[in-house]
file coords.tsv (TSV, C-alpha atoms and all ligand atoms)
chain	number	residue	atom	x	y	z
W	1	MET	CA	-26.20	-43.08	2.03
W	2	TYR	CA	-23.21	-41.91	4.09
W	3	TYR	CA	-22.22	-38.22	4.25
W	4	PHE	CA	-18.72	-36.89	4.76
W	5	TYR	CA	-16.72	-33.70	4.95
W	6	HIS	CA	-12.99	-33.34	4.41
W	7	PRO	CA	-11.94	-30.13	6.22
W	8	GLU	CA	-8.52	-29.79	4.64
W	9	SER	CA	-9.77	-29.68	1.06
W	10	GLU	CA	-13.16	-28.30	2.17
W	11	SER	CA	-14.82	-31.00	0.09
W	12	LEU	CA	-18.12	-32.73	0.71
W	13	PHE	CA	-18.74	-36.24	-0.53
W	14	THR	CA	-21.11	-39.15	-0.15
W	15	PHE	CA	-20.90	-42.92	-0.31
W	16	ILE	CA	-23.76	-45.09	-1.37
W	17	ASN	CA	-22.78	-48.31	0.37
W	18	ASP	CA	-20.37	-49.85	2.82
W	19	THR	CA	-17.97	-51.15	0.19
W	20	ASP	CA	-17.51	-47.70	-1.34
W	21	LEU	CA	-17.02	-46.34	2.12
W	22	LYS	CA	-14.19	-48.73	2.94
W	23	ARG	CA	-12.49	-48.04	-0.36
W	24	GLY	CA	-13.00	-44.26	-0.27
W	25	MET	CA	-11.89	-43.58	3.26
W	26	SER	CA	-8.59	-45.45	2.74
W	27	GLY	CA	-7.37	-44.58	6.20
W	28	ASP	CA	-7.85	-40.78	6.00
W	29	ARG	CA	-8.73	-39.95	9.59
W	30	SER	CA	-9.33	-36.26	8.98
W	31	VAL	CA	-12.62	-37.01	7.19
W	32	VAL	CA	-15.67	-36.22	9.32
W	33	GLU	CA	-18.92	-38.11	9.03
W	34	LEU	CA	-21.97	-35.85	8.88
W	35	THR	CA	-25.70	-36.40	9.27
W	36	LYS	CA	-27.76	-35.74	6.17
W	37	GLU	CA	-28.96	-32.42	7.66
W	38	GLN	CA	-25.43	-31.28	8.43
W	39	TYR	CA	-24.35	-32.25	4.94
W	40	LEU	CA	-27.14	-30.27	3.26
W	41	GLU	CA	-26.51	-27.28	5.48
W	42	LYS	CA	-22.83	-27.26	4.60
W	43	GLU	CA	-23.60	-27.63	0.93
W	44	ASN	CA	-25.95	-24.66	1.12
W	45	GLU	CA	-23.37	-22.57	2.94
W	46	ARG	CA	-20.85	-23.23	0.25
W	47	LYS	CA	-23.23	-22.35	-2.53
W	48	LYS	CA	-23.95	-19.06	-0.83
W	49	MET	CA	-20.27	-18.31	-0.40
W	50	THR	CA	-19.52	-18.99	-4.03
W	51	LYS	CA	-22.35	-16.70	-5.03
W	52	THR	CA	-21.17	-13.84	-2.84
W	53	LYS	CA	-17.65	-14.19	-4.07
W	54	THR	CA	-18.64	-14.12	-7.71
W	55	LYS	CA	-20.77	-11.09	-7.09
W	56	SER	CA	-18.12	-9.08	-5.28
W	57	ASN	CA	-15.40	-9.87	-7.76
W	58	PHE	CA	-17.33	-8.94	-10.83
W	59	ASN	CA	-16.89	-5.25	-11.38
W	60	ALA	CA	-18.95	-4.25	-14.38
W	61	ASP	CA	-17.57	-0.71	-14.62
W	62	ARG	CA	-14.01	-1.85	-14.46
W	63	LEU	CA	-14.45	-4.51	-17.09
W	64	LYS	CA	-16.40	-2.16	-19.31
W	65	GLU	CA	-13.58	0.34	-19.09
W	66	ARG	CA	-11.07	-2.35	-19.89
W	67	ILE	CA	-13.00	-3.52	-22.92
W	68	GLU	CA	-13.49	-0.02	-24.24
W	69	ASN	CA	-9.89	0.93	-23.72
W	70	ALA	CA	-8.36	-2.25	-25.00
W	71	GLY	CA	-5.51	-1.40	-27.31
W	72	LYS	CA	-5.49	2.28	-26.43
W	73	THR	CA	-3.64	2.28	-23.16
W	74	SER	CA	-0.65	0.45	-24.56
W	75	ASP	CA	0.19	3.64	-26.43
W	76	THR	CA	1.17	5.61	-23.36
W	77	PHE	CA	4.82	6.02	-22.52
W	78	TRP	CA	6.61	6.20	-19.21
W	79	TYR	CA	10.14	7.43	-18.68
W	80	LEU	CA	11.40	4.61	-16.50
W	81	LYS	CA	11.70	0.90	-17.16
W	82	LEU	CA	12.44	-1.40	-14.29
W	83	PRO	CA	14.50	-4.54	-14.85
W	84	GLU	CA	12.64	-7.64	-13.77
W	85	GLY	CA	12.52	-8.09	-10.03
W	86	LEU	CA	13.40	-4.49	-9.26
W	87	LYS	CA	10.65	-2.66	-7.42
W	88	SER	CA	10.21	1.04	-7.14
W	89	PHE	CA	10.46	2.61	-3.70
W	90	LYS	CA	7.38	4.55	-2.65
W	91	THR	CA	7.34	6.76	0.39
W	92	ILE	CA	4.71	6.34	3.07
W	93	VAL	CA	3.26	9.13	5.17
W	94	GLY	CA	5.55	9.58	8.17
W	95	ASP	CA	9.15	8.42	8.50
W	96	ASN	CA	10.82	6.56	5.66
W	97	PHE	CA	14.13	4.87	6.36
W	98	ILE	CA	16.26	4.29	3.30
W	99	ARG	CA	19.87	3.43	2.60
W	100	PRO	CA	21.21	4.95	-0.62
W	101	LEU	CA	23.28	2.42	-2.56
W	102	PRO	CA	26.55	3.25	-4.33
W	103	PRO	CA	26.27	3.57	-8.13
W	104	THR	CA	27.28	0.66	-10.33
W	105	ASP	CA	28.82	2.95	-12.92
W	106	ASP	CA	31.88	4.85	-11.61
W	107	ALA	CA	30.92	7.83	-13.72
W	108	ASP	CA	27.72	8.32	-11.69
W	109	ASP	CA	27.03	9.55	-8.17
W	110	PHE	CA	24.54	7.66	-6.01
W	111	ALA	CA	21.91	10.26	-6.93
W	112	PHE	CA	21.12	10.75	-10.61
W	113	ASP	CA	19.15	13.77	-11.81
W	114	ILE	CA	16.75	13.35	-14.70
W	115	HIS	CA	14.51	15.80	-16.56
W	116	VAL	CA	10.98	14.79	-17.43
W	117	HIS	CA	8.09	16.14	-19.48
W	118	TYR	CA	4.92	14.94	-17.75
W	119	GLY	CA	1.39	14.94	-19.07
W	120	ILE	CA	2.17	14.77	-22.78
W	121	GLY	CA	-0.56	13.40	-25.00
W	122	VAL	CA	-4.28	13.22	-25.46
W	123	GLU	CA	-6.78	13.37	-22.64
W	124	GLN	CA	-6.45	10.48	-20.26
W	125	TYR	CA	-3.75	8.73	-22.25
W	126	LYS	CA	-0.92	10.98	-21.23
W	127	SER	CA	2.67	9.96	-21.35
W	128	ALA	CA	5.80	11.13	-19.59
W	129	PHE	CA	9.07	11.48	-21.49
W	130	LEU	CA	12.68	12.10	-20.62
W	131	CYS	CA	13.67	15.45	-22.13
W	132	ARG	CA	16.03	14.72	-25.00
W	133	GLU	CA	17.39	18.26	-24.97
W	134	LYS	CA	18.32	18.47	-21.30
W	135	MET	CA	19.49	14.90	-20.99
W	136	LEU	CA	21.08	14.13	-24.34
W	137	GLY	CA	21.71	17.56	-25.81
W	138	GLU	CA	19.58	16.57	-28.79
W	139	ALA	CA	16.42	18.00	-30.29
W	140	CYS	CA	13.37	17.60	-28.04
W	141	PRO	CA	9.96	18.14	-29.69
W	142	VAL	CA	8.40	19.09	-26.37
W	143	CYS	CA	10.95	21.82	-25.69
W	144	GLU	CA	10.60	23.05	-29.27
W	145	GLU	CA	6.84	23.34	-28.88
W	146	SER	CA	7.28	25.14	-25.60
W	147	ARG	CA	9.60	27.71	-27.19
W	148	LYS	CA	7.25	28.18	-30.11
W	149	LEU	CA	4.37	28.95	-27.78
W	150	ILE	CA	6.45	31.35	-25.72
W	151	GLN	CA	7.56	33.21	-28.84
W	152	ALA	CA	3.92	33.45	-29.88
W	153	GLY	CA	3.17	35.09	-26.54
W	154	ARG	CA	1.36	32.06	-25.19
W	155	GLY	CA	3.41	31.45	-22.08
W	156	GLU	CA	0.41	29.97	-20.27
W	157	ASP	CA	0.00	27.23	-22.87
W	158	ALA	CA	3.74	26.57	-22.82
W	159	LYS	CA	3.53	25.55	-19.17
W	160	ALA	CA	2.10	22.19	-20.22
W	161	PHE	CA	5.45	21.43	-21.83
W	162	LYS	CA	7.75	22.37	-19.01
W	163	ILE	CA	10.60	20.30	-17.63
W	164	THR	CA	10.35	18.66	-14.22
W	165	SER	CA	13.45	17.51	-12.37
W	166	ARG	CA	13.51	14.19	-10.58
W	167	THR	CA	16.35	12.41	-8.82
W	168	LEU	CA	16.86	8.68	-9.07
W	169	VAL	CA	18.52	6.76	-6.26
W	170	PHE	CA	18.85	3.01	-5.78
W	171	VAL	CA	17.97	2.27	-2.18
W	172	ILE	CA	17.31	-0.40	0.39
W	173	ASP	CA	14.00	0.20	2.12
W	174	ARG	CA	15.01	-0.43	5.73
W	175	ASP	CA	11.45	-1.37	6.66
W	176	LYS	CA	11.22	-3.89	3.81
W	177	GLN	CA	14.77	-5.12	3.40
W	178	ASP	CA	13.64	-8.48	2.08
W	179	GLU	CA	12.26	-6.74	-1.00
W	180	GLY	CA	15.81	-5.96	-2.04
W	181	VAL	CA	17.14	-3.10	-4.11
W	182	LYS	CA	14.52	-0.53	-5.14
W	183	LEU	CA	14.54	2.48	-7.42
W	184	TYR	CA	13.49	5.70	-5.73
W	185	ASP	CA	12.25	8.32	-8.19
W	186	ALA	CA	12.29	11.36	-5.93
W	187	PRO	CA	11.39	15.00	-6.47
W	188	THR	CA	14.70	16.83	-6.88
W	189	SER	CA	14.25	20.02	-4.92
W	190	SER	CA	12.56	18.59	-1.84
W	191	VAL	CA	14.33	15.22	-1.60
W	192	GLY	CA	17.10	14.71	-4.18
W	193	HIS	CA	19.07	17.87	-3.35
W	194	ASN	CA	18.72	17.24	0.34
W	195	LEU	CA	19.94	13.65	0.09
W	196	VAL	CA	23.04	14.83	-1.72
W	197	ALA	CA	23.52	17.63	0.80
W	198	LEU	CA	23.73	15.01	3.57
W	199	CYS	CA	27.15	14.11	2.19
W	200	GLN	CA	28.66	17.29	3.55
W	201	ASN	CA	28.98	18.00	7.23
W	202	ARG	CA	27.38	21.43	7.64
W	203	ARG	CA	29.78	22.55	10.32
W	204	THR	CA	33.12	21.11	9.20
W	205	ARG	CA	32.36	21.00	5.44
W	206	LYS	CA	33.94	17.56	5.47
W	207	MET	CA	32.60	15.22	2.79
W	208	LEU	CA	30.95	11.98	3.80
W	209	ASP	CA	29.93	9.08	1.59
W	210	ILE	CA	26.52	8.13	2.96
W	211	SER	CA	26.24	5.34	0.38
W	212	ASP	CA	29.35	3.54	1.65
W	213	PRO	CA	28.26	-0.07	2.27
W	214	LEU	CA	30.24	-0.32	5.49
W	215	LYS	CA	30.56	3.18	6.91
W	216	GLY	CA	27.56	4.87	5.32
W	217	PHE	CA	24.32	6.11	6.81
W	218	ASP	CA	20.62	5.54	6.44
W	219	ALA	CA	18.51	8.57	5.64
W	220	ILE	CA	15.15	9.46	7.15
W	221	ILE	CA	12.70	11.10	4.78
W	222	VAL	CA	9.61	12.54	6.38
W	223	ARG	CA	6.52	12.75	4.24
W	224	GLU	CA	3.26	14.51	5.01
W	225	GLY	CA	0.03	14.10	3.11
W	226	LEU	CA	-1.25	11.91	0.30
W	227	GLY	CA	-1.96	12.66	-3.31
W	228	VAL	CA	-0.66	15.06	-5.89
W	229	LYS	CA	-1.73	18.21	-4.10
W	230	ASN	CA	-1.06	17.34	-0.49
W	231	THR	CA	2.24	15.51	-0.53
W	232	LYS	CA	5.05	17.36	1.19
W	233	TYR	CA	8.50	16.22	2.25
W	234	THR	CA	9.25	18.03	5.45
W	235	SER	CA	12.70	16.72	6.24
W	236	VAL	CA	15.56	14.63	4.93
W	237	GLN	CA	18.21	13.77	7.48
W	238	LEU	CA	20.85	11.25	8.46
W	239	ASP	CA	19.93	8.44	10.81
W	240	HIS	CA	22.83	8.35	13.27
W	241	PRO	CA	24.98	6.44	13.96
W	242	SER	CA	26.57	5.04	10.83
W	243	THR	CA	25.64	1.41	10.16
W	244	PRO	CA	26.84	-1.19	7.69
W	245	LEU	CA	24.43	-1.90	4.85
W	246	GLY	CA	24.18	-5.50	6.04
W	247	SER	CA	26.23	-8.65	6.52
W	248	ALA	CA	29.05	-9.29	4.05
W	249	LYS	CA	26.77	-11.66	2.14
W	250	GLU	CA	23.87	-9.20	2.09
W	251	ILE	CA	26.12	-6.39	0.91
W	252	GLU	CA	27.36	-8.53	-1.92
W	253	GLU	CA	23.82	-9.48	-2.94
W	254	PHE	CA	22.47	-5.95	-2.74
W	255	LEU	CA	25.33	-4.40	-4.70
W	256	GLU	CA	25.10	-7.03	-7.38
W	257	ALA	CA	21.43	-6.19	-7.89
W	258	VAL	CA	22.03	-2.48	-8.52
W	259	PRO	CA	21.59	-1.68	-12.22
W	260	THR	CA	23.20	1.32	-13.86
W	261	PHE	CA	20.98	4.40	-14.13
W	262	LYS	CA	21.18	4.09	-17.89
W	263	GLU	CA	19.42	0.74	-17.70
W	264	VAL	CA	16.31	2.21	-16.10
W	265	LEU	CA	15.94	5.22	-18.40
W	266	ALA	CA	13.39	4.83	-21.17
W	267	PHE	CA	14.29	7.39	-23.83
W	268	GLN	CA	11.88	7.69	-26.74
W	269	ASP	CA	12.94	8.93	-30.14
W	270	TYR	CA	12.02	12.36	-31.46
W	271	GLU	CA	9.29	11.09	-33.80
W	272	THR	CA	7.56	9.01	-31.14
W	273	MET	CA	7.46	11.97	-28.77
W	274	LYS	CA	6.29	14.32	-31.49
W	275	ALA	CA	3.48	11.97	-32.51
W	276	GLU	CA	2.35	11.55	-28.93
W	277	MET	CA	2.48	15.28	-28.37
W	278	THR	CA	0.63	16.61	-31.38
W	279	GLY	CA	-2.60	15.05	-30.23
W	280	GLY	CA	-2.14	16.74	-26.89
W	281	VAL	CA	-1.76	20.31	-28.08
W	282	ARG	CA	-5.11	21.84	-27.32
W	283	PRO	CA	-4.79	25.60	-27.25
W	284	GLU	CA	-8.57	25.92	-27.01
W	285	HIS	CA	-9.31	25.28	-23.37
W	286	ASP	CA	-13.03	25.10	-24.03
W	287	ASP	CA	-12.87	21.52	-25.14
W	288	GLU	CA	-10.87	20.43	-22.11
W	289	PRO	CA	-12.66	17.35	-20.81
W	290	GLU	CA	-14.22	18.06	-17.45
W	291	ASP	CA	-12.97	14.93	-15.83
W	292	VAL	CA	-9.31	15.78	-16.23
W	293	PRO	CA	-8.16	17.40	-13.00
W	294	GLU	CA	-6.09	20.53	-13.40
W	295	ASP	CA	-3.13	19.08	-11.62
W	296	GLU	CA	-2.77	16.47	-14.33
W	297	VAL	CA	-1.28	19.26	-16.38
W	298	PRO	CA	2.08	20.38	-15.01
W	299	THR	CA	1.75	23.91	-13.77
W	300	ILE	CA	5.27	25.06	-13.27
W	301	THR	CA	7.57	27.38	-15.22
W	302	ASP	CA	8.41	26.98	-18.87
W	303	ALA	CA	11.22	24.84	-20.13
W	304	ASP	CA	13.36	27.70	-21.37
W	305	THR	CA	14.06	29.13	-17.98
W	306	GLY	CA	15.78	25.91	-17.02
W	307	SER	CA	13.78	25.87	-13.84
W	308	ASP	CA	14.04	22.63	-11.95
W	309	GLU	CA	10.98	22.91	-9.76
W	310	GLU	CA	9.22	19.62	-9.58
W	311	VAL	CA	5.66	18.54	-9.90
W	312	GLU	CA	4.79	15.87	-7.40
W	313	VAL	CA	3.27	12.87	-9.10
W	314	ALA	CA	0.99	10.71	-7.07
W	315	ASP	CA	2.90	7.67	-5.98
W	316	GLU	CA	0.90	6.23	-3.14
W	317	CYS	CA	-2.11	3.95	-3.20
W	318	PRO	CA	-4.87	5.77	-1.31
W	319	GLU	CA	-6.40	2.38	-0.45
W	320	GLY	CA	-3.22	1.07	1.09
W	321	PHE	CA	-2.38	-1.47	-1.60
W	322	ASP	CA	0.91	-1.54	-3.49
W	323	PHE	CA	1.01	1.42	-5.82
W	324	ALA	CA	1.57	0.27	-9.43
W	325	ALA	CA	2.06	-3.38	-8.54
W	326	ASP	CA	-1.60	-3.83	-7.60
W	327	TYR	CA	-3.02	-1.70	-10.38
W	328	ASP	CA	-6.56	-2.85	-11.18
W	329	ALA	CA	-6.11	-5.91	-9.00
W	330	GLU	CA	-8.35	-4.77	-6.17
W	331	GLU	CA	-12.02	-3.91	-5.97
W	332	GLU	CA	-11.12	-0.49	-4.61
W	333	CYS	CA	-9.30	0.33	-7.84
W	334	ALA	CA	-12.65	1.12	-9.43
W	335	ASP	CA	-13.48	3.62	-6.68
W	336	CYS	CA	-10.06	5.15	-7.04
W	337	LYS	CA	-10.61	5.54	-10.74
W	338	LYS	CA	-13.80	7.43	-10.02
W	339	ASP	CA	-12.72	9.61	-7.12
W	340	ASN	CA	-8.99	9.86	-7.52
W	341	LYS	CA	-8.41	9.87	-11.22
W	342	ALA	CA	-4.97	11.48	-11.28
W	343	THR	CA	-3.58	8.93	-8.84
W	344	TRP	CA	-5.32	6.11	-10.68
W	345	ARG	CA	-3.70	7.17	-13.93
W	346	ALA	CA	-0.28	7.53	-12.38
W	347	CYS	CA	-0.75	4.06	-10.92
W	348	ARG	CA	-1.66	2.67	-14.32
W	349	LYS	CA	1.40	4.22	-15.91
W	350	ALA	CA	3.72	3.03	-13.21
W	351	HIS	CA	2.15	-0.41	-13.50
W	352	LYS	CA	2.88	-0.44	-17.18
W	353	ALA	CA	6.47	0.54	-16.52
W	354	LEU	CA	6.73	-2.25	-13.98
W	355	ASN	CA	5.50	-4.79	-16.43
W	356	ASP	CA	7.69	-3.52	-19.16
W	357	GLU	CA	4.84	-3.49	-21.63
W	358	ILE	CA	6.26	-0.45	-23.32
W	359	PRO	CA	8.28	-1.18	-26.45
W	360	PHE	CA	11.76	0.24	-25.94
U	1	ZN	ZN	12.54	18.66	-23.63
call {"tool": "encode", "arguments": {"input": "coords.tsv", "output": "structure tokens", "more": "lines below"}}
Ligand SMILES: [Zn+2]
result
Amino acid sequence: MYYFYHPESESLFTFINDTDLKRGMSGDRSVVELTKEQYLEKENERKKMTKTKTKSNFNADRLKERIENAGKTSDTFWYLKLPEGLKSFKTIVGDNFIRPLPPTDDADDFAFDIHVHYGIGVEQYKSAFLCREKMLGEACPVCEESRKLIQAGRGEDAKAFKITSRTLVFVIDRDKQDEGVKLYDAPTSSVGHNLVALCQNRRTRKMLDISDPLKGFDAIIVREGLGVKNTKYTSVQLDHPSTPLGSAKEIEEFLEAVPTFKEVLAFQDYETMKAEMTGGVRPEHDDEPEDVPEDEVPTITDADTGSDEEVEVADECPEGFDFAADYDAEEECADCKKDNKATWRACRKAHKALNDEIPF
């Protein structure tokens, strides 16, 4: 018996006699002949490796959760839908360098404000909806419920139905330019307003188009902290001097890839929102499940005041993987689910939006 190892394909094989050997080797010089002991040792090693791998990849809790929740999670709604190939921009802790891109639709500015109802629905299957009233001037079941509660003197309960302002901007992530155009869903008061404010020189009051592909500017957004409670944006400023967006070819490619804001908005009809919401109205706080963190429920002012304070949604993978894109793909996802439920849920929702599983 002759023993061999082929390093490139990591395969082990044997030949019984000389004739086989001549036929099998067919001039492949990378094959290494082994002694019987070496062969058996290698075989053992491989068996062990396969075992370890199987063990570490099988996550009983995660699979159990998936089996139990099959069919349920597809009922949650998210307010954004990304066209294929378009990633969402997620800030990192520290300096973020972005270049706002000019809008595709002349009627829009580069920054587009939206109004969202977060945390609508039952227990862990909460959805987020664009407010039909603020954005379309039509009836919004969430706003109606909020008003009803306020009129009934239950302002505290109405807070769960408040409106949160977000600002959408298509950007190039200067640190990951090869990933192309991304959609940045930013909190309005701490980032959106400030990005827009960069278009006016504070001293001269002169207007400046920071999104101009040739004469525009990058912006630096400084983020501190991770997670829903700790995230803070401490500054938004221009990165001087002005730079072109890229070469003529790059500019053309980038601009062609910018969708209209309309294309990324996922409006749901009144009935869908109402149905999703009714399950979520739980005036009795006693039956609030213990594992739902408080910050899952928006805590800011009621919809009727027209307040635009924002609730920061988690948008960063605490394990350092790609938020949303890597949802449930890593072993650490199970830990995150256990210890960081709000983030895990936000990740799941964003993942769903990315994969366009939601029927629009
Ligand atoms: Zn509304």
call {"tool": "residues_near_ligand", "arguments": {"input": "coords.tsv", "ligand": "ligand ZN 1 (chain U)", "cutoff": "8 Å", "atoms": "all atoms listed in the file", "output": "VMD selection string"}}
result
chain W and resid 115 to 117 130 to 134 139 to 144 161 to 163 303
call {"tool": "residues_around", "arguments": {"input": "coords.tsv", "residues": "stretch 262-269 of chain W", "least_positions_apart": "4", "cutoff": "6 Å", "atoms": "only C-alpha atoms", "output": "ChimeraX atom specification"}}
result
/W:79-82,130
call {"tool": "atom_distance", "arguments": {"input": "coords.tsv", "atom1": "atom CA of W:Val236", "atom2": "atom CA of W:Tyr327"}}
result
29.1 Å
call {"tool": "atom_distance", "arguments": {"input": "coords.tsv", "atom1": "atom CA of W:Asp212", "atom2": "atom CA of W:Pro102"}}
result
6.6 Å
call {"tool": "atom_distance", "arguments": {"input": "coords.tsv", "atom1": "atom CA of W:Asp239", "atom2": "atom CA of W:Ile251"}}
result
18.9 Å
call {"tool": "residues_around", "arguments": {"input": "coords.tsv", "residues": "W:Phe170", "least_positions_apart": "6", "cutoff": "8 Å", "atoms": "all atoms listed in the file", "output": "PyMOL selection string"}}
result
chain W and resi 100-103+110-111+181-184+258
call {"tool": "closest_residue", "arguments": {"input": "coords.tsv", "among": "W:Ser146, W:Thr343, W:Thr104, W:Thr260", "to": "W:Met277", "atoms": "all atoms listed in the file"}}
result
W:Ser146
call {"tool": "closest_residue", "arguments": {"input": "coords.tsv", "among": "W:Ile220, W:Cys333, W:Ala350, W:Met273", "to": "W:Gly121", "atoms": "only C-alpha atoms"}}
result
W:Met273
call {"tool": "residues_around", "arguments": {"input": "coords.tsv", "residues": "stretch 189-198 of chain W", "least_positions_apart": "3", "cutoff": "10 Å", "atoms": "all atoms listed in the file", "output": "number ranges by chain"}}
result
W: 100, 109-113, 165-169, 184-186, 201-202, 207-210, 217, 219-222, 232-238, 308-310, 312
call {"tool": "closest_residue", "arguments": {"input": "coords.tsv", "among": "W:Thr204, W:Thr231, W:Val122, W:Met135", "to": "W:Pro187", "atoms": "all atoms listed in the file"}}
result
W:Thr231
